[in-house]
Each structure stands twice: as structure tokens, then as C-alpha cells.
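Trainee: Contents of my_file_1.txt (compact mmCIF, C-alpha atoms) are below:
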# COMPACT_ATOMS: atom_id res chain seq x y z
CA MET A 1 33.76 15.82 30.75
CA LYS A 2 33.74 16.53 27.01
CA GLU A 3 33.36 20.14 25.87
CA ASP A 4 31.16 21.27 23.00
CA ILE A 5 33.43 22.45 20.23
CA ILE A 6 30.75 23.65 17.84
CA THR A 7 29.15 26.52 19.72
CA PHE A 8 28.03 29.90 18.41
CA PRO A 9 30.78 31.76 20.32
CA ASN A 10 33.41 29.40 18.85
CA ILE A 11 31.99 29.92 15.36
CA LEU A 12 32.35 33.68 15.88
CA SER A 13 35.99 33.22 16.92
CA ILE A 14 36.70 31.00 13.92
CA SER A 15 35.04 33.52 11.61
CA ARG A 16 37.54 36.11 12.86
CA ILE A 17 40.41 33.84 11.85
CA ILE A 18 38.89 33.28 8.40
CA LEU A 19 38.00 36.94 7.79
CA SER A 20 41.24 38.51 9.00
CA PRO A 21 43.21 37.93 5.76
CA ILE A 22 40.46 39.68 3.76
CA ILE A 23 41.83 43.06 4.89
CA PHE A 24 44.63 42.62 2.34
CA PHE A 25 42.20 42.19 -0.54
CA VAL A 26 39.88 45.11 0.25
CA LYS A 27 42.57 47.66 1.14
CA ASP A 28 41.64 49.99 -1.73
CA ASN A 29 37.99 50.29 -0.70
CA LYS A 30 37.92 52.08 2.66
CA PHE A 31 34.21 51.40 3.21
CA VAL A 32 34.57 47.64 2.64
CA LEU A 33 37.79 47.57 4.71
CA PHE A 34 36.02 49.42 7.54
CA SER A 35 33.04 47.02 7.28
CA VAL A 36 35.31 43.96 7.53
CA LEU A 37 37.15 45.49 10.49
CA LEU A 38 33.82 46.34 12.15
CA PHE A 39 32.56 42.77 11.71
CA ILE A 40 35.80 41.37 13.11
CA GLY A 41 35.54 43.75 16.07
CA LEU A 42 31.93 42.83 16.75
CA THR A 43 32.70 39.10 16.69
CA ASP A 44 35.52 39.72 19.16
CA VAL A 45 33.13 41.41 21.58
CA LEU A 46 30.22 39.05 21.01
CA ASP A 47 31.99 35.69 21.31
CA GLY A 48 32.95 36.23 24.94
CA TYR A 49 29.71 38.00 25.85
CA ILE A 50 27.54 35.23 24.40
CA ALA A 51 29.71 32.51 25.95
CA ARG A 52 29.35 34.08 29.40
CA LYS A 53 25.65 34.95 29.07
CA TYR A 54 24.62 31.48 27.89
CA LYS A 55 27.17 29.58 29.99
CA LYS A 56 29.04 28.29 26.94
CA GLN A 57 32.49 29.19 28.28
CA THR A 58 34.98 26.46 27.47
CA ILE A 59 38.73 26.02 27.49
CA ILE A 60 38.58 25.53 23.73
CA GLY A 61 36.54 28.73 23.39
CA ALA A 62 39.06 30.76 25.41
CA TRP A 63 41.87 29.26 23.32
CA LEU A 64 40.05 30.02 20.04
CA ASP A 65 39.40 33.59 21.18
CA SER A 66 43.08 34.10 21.98
CA ILE A 67 44.24 32.51 18.73
CA SER A 68 41.77 34.53 16.65
CA ASP A 69 42.89 37.74 18.38
CA PHE A 70 46.52 36.79 17.77
CA VAL A 71 45.89 36.03 14.07
CA PHE A 72 43.94 39.24 13.56
CA TYR A 73 46.47 41.48 15.29
CA ILE A 74 49.46 39.83 13.58
CA LEU A 75 47.78 40.32 10.19
CA LEU A 76 46.88 43.88 11.16
CA VAL A 77 50.55 44.53 11.98
CA ILE A 78 51.62 43.00 8.65
CA TYR A 79 48.97 45.08 6.85
CA THR A 80 50.25 48.20 8.59
CA ILE A 81 53.88 47.40 7.74
CA ILE A 82 53.02 46.90 4.07
CA PHE A 83 50.43 49.64 3.50
CA GLU A 84 50.71 52.15 6.36
CA PHE A 85 54.39 52.01 7.34
CA GLU A 86 54.56 55.71 8.28
CA ILE A 87 52.42 55.05 11.36
CA ILE A 88 54.95 52.45 12.55
CA ILE A 89 57.82 54.90 12.12
CA ARG A 90 55.85 57.53 14.04
CA LEU A 91 54.96 55.15 16.89
CA LYS A 92 58.08 52.93 16.91
CA TYR A 93 59.04 53.50 20.56
CA PHE A 94 55.59 52.44 21.79
CA ILE A 95 55.75 49.38 19.60
CA ILE A 96 59.25 48.37 20.74
CA ILE A 97 58.31 48.67 24.43
CA ILE A 98 55.16 46.60 23.93
CA ILE A 99 56.97 43.89 21.95
CA VAL A 100 59.69 43.59 24.62
CA LEU A 101 57.12 43.35 27.44
CA LYS A 102 55.02 40.78 25.55
CA LEU A 103 58.06 38.65 24.69
CA LEU A 104 59.25 38.73 28.31
CA THR A 105 55.82 37.61 29.47
CA ILE A 106 55.70 34.79 26.91
CA ILE A 107 59.18 33.57 27.82
CA ILE A 108 58.57 33.73 31.57
CA SER A 109 55.16 32.06 31.20
CA TYR A 110 56.67 29.22 29.21
CA ILE A 111 59.58 28.75 31.62
CA LYS A 112 57.39 28.96 34.71
CA TYR A 113 54.23 27.13 33.57
CA ARG A 114 55.41 25.20 30.49
CA LYS A 115 52.68 26.84 28.43
CA LEU A 116 51.96 30.13 26.78
CA GLY A 117 49.65 32.21 28.89
CA PHE A 118 47.26 34.57 27.13
CA LEU A 119 45.51 36.62 29.80
CA HIS A 120 42.05 38.08 29.34
CA THR A 121 42.35 40.97 31.79
CA ILE A 122 40.00 43.92 31.78
CA VAL A 123 42.82 46.28 30.79
CA ASN A 124 43.68 43.96 27.89
CA LYS A 125 40.08 44.09 26.68
CA ILE A 126 39.96 47.90 26.99
CA THR A 127 43.28 48.10 25.14
CA GLY A 128 41.99 45.94 22.30
CA ILE A 129 38.86 48.05 21.94
CA ILE A 130 40.78 51.34 21.91
CA ILE A 131 43.40 50.13 19.42
CA PHE A 132 40.71 48.61 17.22
CA ILE A 133 38.66 51.83 17.19
CA GLY A 134 41.84 53.83 16.71
CA PHE A 135 42.87 51.77 13.71
CA CYS A 136 39.41 52.18 12.16
CA ILE A 137 39.63 55.95 12.67
CA PHE A 138 43.13 55.91 11.18
CA ILE A 139 41.94 53.94 8.12
CA LEU A 140 38.99 56.28 7.54
CA PHE A 141 40.50 59.65 8.46
CA GLY A 142 44.29 59.23 8.79
CA ASN A 143 44.29 60.39 12.44
CA THR A 144 46.46 58.38 14.89
CA ILE A 145 45.59 59.96 18.27
CA VAL A 146 43.27 57.12 19.34
CA VAL A 147 45.87 54.53 18.27
CA GLU A 148 48.42 56.34 20.45
CA ILE A 149 46.04 56.27 23.42
CA GLY A 150 45.55 52.54 22.78
CA LEU A 151 49.31 52.02 22.79
CA TYR A 152 49.59 53.70 26.21
CA PHE A 153 46.96 51.27 27.45
CA SER A 154 48.84 48.43 25.77
CA ILE A 155 51.98 49.27 27.75
CA ILE A 156 49.95 49.27 30.96
CA SER A 157 48.23 45.97 30.12
CA SER A 158 51.56 44.40 29.07
CA LEU A 159 53.12 45.44 32.38
CA GLU A 160 50.14 44.01 34.25
CA GLU A 161 50.44 40.69 32.38
CA LEU A 162 54.16 40.55 33.14
CA VAL A 163 53.62 41.19 36.87
CA ILE A 164 50.78 38.64 37.04
CA THR A 165 53.00 36.08 35.30
CA LEU A 166 55.92 36.82 37.60
CA ILE A 167 54.07 36.67 40.92
CA GLY A 168 51.30 34.17 40.14
CA LYS A 169 51.61 30.56 41.25
CA LYS A 170 49.63 29.24 38.27
CA THR A 171 48.42 30.59 34.98
CA GLU A 172 44.81 31.69 34.83
CA GLU A 173 43.76 33.05 31.44
CA ASN A 174 40.51 34.56 32.72
CA ILE A 175 42.03 36.62 35.52
CA LYS A 176 40.41 40.07 35.44
CA GLY A 177 43.43 41.94 36.69
CA ILE A 178 46.32 42.06 39.09
CA TYR A 179 43.88 42.73 41.94
CA GLU A 180 42.73 39.09 41.61
CA ILE A 181 46.21 37.59 41.90
CA ASN A 182 45.60 36.25 45.42
CA LYS A 183 42.73 34.10 44.12
CA PHE A 184 45.16 32.19 41.94
CA LYS A 185 48.22 31.98 44.18
CA LYS A 186 47.12 28.67 45.69
Translate the structure of the given file into C-alpha cells.

Mentor:
Amino acid sequence: MKEDIITFPNILSISRIILSPIIFFVKDNKFVLFSVLLFIGLTDVLDGYIARKYKKQTIIGAWLDSISDFVFYILLVIYTIIFEFEIIIRLKYFIIIIIVLKLLTIIISYIKYRKLGFLHTIVNKITGIIIFIGFCIFILFGNTIVVEIGLYFSIISSLEELVITLIGKKTEENIKGIYEINKFKK
């Protein structure tokens, strides 16, 4: 069965990939930067919601969502390194723990399943929302408390991904959380 590639949710995901580099060009205008970040955040929420609501969920759509999230967050990290490095110094231990957990999960997923598993757990989604809101608050007001809360959630979601990858019998990107692991052990 052939999947539709050109769907509205997929267009939203692709727009996130295209818009993500713009943050480097609007860095001096906080309002425009915030607006771009807000649009990127809304497309991240809406692509999955619309896909589920209108039964347009596809393997390509899940892949595009993961890739667009990856591109955005990598560019956000690069942006932060270049323009907001003091936040990285302040939060370096969180960041190191998260990177180690994510790398372990990627390596184990590749060894075990011969593919990279990007999981869409509920805690991952909550983490993304908190970090996104936290970064917007940081850009506008210079306050990092919400980013720090998001990083705590990121450690929890990274641990959950690692455990799911370790004990699961197959990779299932749309697993909601570790409590569903028995569904996918077969």
C-alpha cells in the first residue's frame, strides 16, 4: 500500500525544517525570533494532532516529524552555543547526562534493531514543550528556570527511552511510554 507523501501534516513538518535556520538571521530582533520559534512550536504540535485527527498518520510522517524535530533542536543547540553560550556553561551537567543517555540509546537501538529509533513517548512530548517554552522565555526575558525544568524532564524521558530500547523486542516509534512495553514485546 502506497502512502500519501504530500499531506498537510507532512507539509507542516517540512516547514519546520525549512524555517529552523531562520533563527540565525533574526537573532537581533527578539520579537521576530520569538515569532519564528512560536510558529515552529505550533507546527510541531499541529502536525501530529492533525495527522491523528484526520487519520493521516504515516510512516513517512512520523519520520519527517522526527527529522524536523532533530534539525530544529540541533540548530537550536548551535544557536545557543554561538549566541547564548553562558546558558550552556550554567547547565553543562544536565546537557552531558542527556547527551550520554541519548547516545547510548541510539547505539543500542542500532545494534539491536539495525535502525535508529526515535520514540514519541508522552514524556518526550512534554519535555519538548517545556524546553521549547523555556527557551522562548529565556530569549525574551533571560530567565532559565523553565529550561532547567525541561532538562530534568529530558533526563527522565532519555532514561525511559533507554529502558524501552533495552527491554523491548522490537522498535515502536509511537509507543506512549514504558507502561506499554508489553504490547510490543511480541

Trainee: As a ChimeraX atom specification, please: the residues near Ile156 of chain A (cut-off 9 Å, all atoms listed in the file, same-chain neighbours under 3 positions excluded).

Mentor: /A:123-124,127,151-153,159-161

Trainee: Can you pull out every residue within 10 Å of Lys112 of chain A, counting only C-alpha atoms, but drop anything in the same chain fewer than 6 positions away, and send it as a PyMOL selection string?

Mentor: chain A and resi 106+165-166+168-171

Trainee: Give me the residues within 10 Å of Ile67 of chain A as a VMD selection string, counting only C-alpha atoms and dropping any in the same chain fewer than 4 places off.

Mentor: chain A and resid 13 to 14 16 to 17 61 to 63 71 to 73 118

Trainee: With C-alpha atoms retained, write the just-selected residues as an mmCIF file, keeping the file's coordinate frame.

Mentor:
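Output file part.cif follows:
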data_model
loop_
_atom_site.group_PDB
_atom_site.id
_atom_site.type_symbol
_atom_site.label_atom_id
_atom_site.label_comp_id
_atom_site.auth_asym_id
_atom_site.auth_seq_id
_atom_site.Cartn_x
_atom_site.Cartn_y
_atom_site.Cartn_z
ATOM 1 C CA SER A 13 35.990 33.220 16.920
ATOM 2 C CA ILE A 14 36.700 31.000 13.920
ATOM 3 C CA ARG A 16 37.540 36.110 12.860
ATOM 4 C CA ILE A 17 40.410 33.840 11.850
ATOM 5 C CA GLY A 61 36.540 28.730 23.390
ATOM 6 C CA ALA A 62 39.060 30.760 25.410
ATOM 7 C CA TRP A 63 41.870 29.260 23.320
ATOM 8 C CA VAL A 71 45.890 36.030 14.070
ATOM 9 C CA PHE A 72 43.940 39.240 13.560
ATOM 10 C CA TYR A 73 46.470 41.480 15.290
ATOM 11 C CA PHE A 118 47.260 34.570 27.130
#

Trainee: Rank nothing, just name the residue among A:Gly41, A:Phe8, A:Phe132, A:Thr121 nearest to Thr144 of chain A, using all atoms listed in the file.

Mentor: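 For Thr144 of chain A, the nearest of the given residues is A:Phe132.
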
Trainee: Counting only C-alpha atoms, which of A:Gly128, A:Gly142, A:Gly177, A:Pro9 gets nearest to Leu162 of chain A?

Mentor: A:Gly177

Trainee: Select, from A:Arg90, A:His120, A:Lys27, A:Lys53, the residue with the minimum atom-to-atom distance to Ile145 of chain A, counting only C-alpha atoms.

Mentor: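 Using only C-alpha atoms, the shortest distance to Ile145 of chain A belongs to A:Arg90.
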
Trainee: Find the axis-aligned box for segment 113-125 of chain A, covering all its listed atoms and adding 8 Å on each side, and write its centre and edge lengths in Å to one decimal as lines of an AutoDock Vina configuration file.

Mentor:
center_x = 47.7
center_y = 35.7
center_z = 30.1
size_x = 31.4
size_y = 37.1
size_z = 22.9

Trainee: Expressed in Å to a single decimal, how great is the separation between atom CA of Leu64 of chain A and atom CA of Ile129 of chain A?

Mentor: 18.2 Å

Trainee: Counting only C-alpha atoms, which residue out of A:Leu42, A:Ile99, A:Ile59, A:Cys136 sits closest to Ile74 of chain A?

Mentor: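 The closest residue to Ile74 of chain A is A:Ile99.
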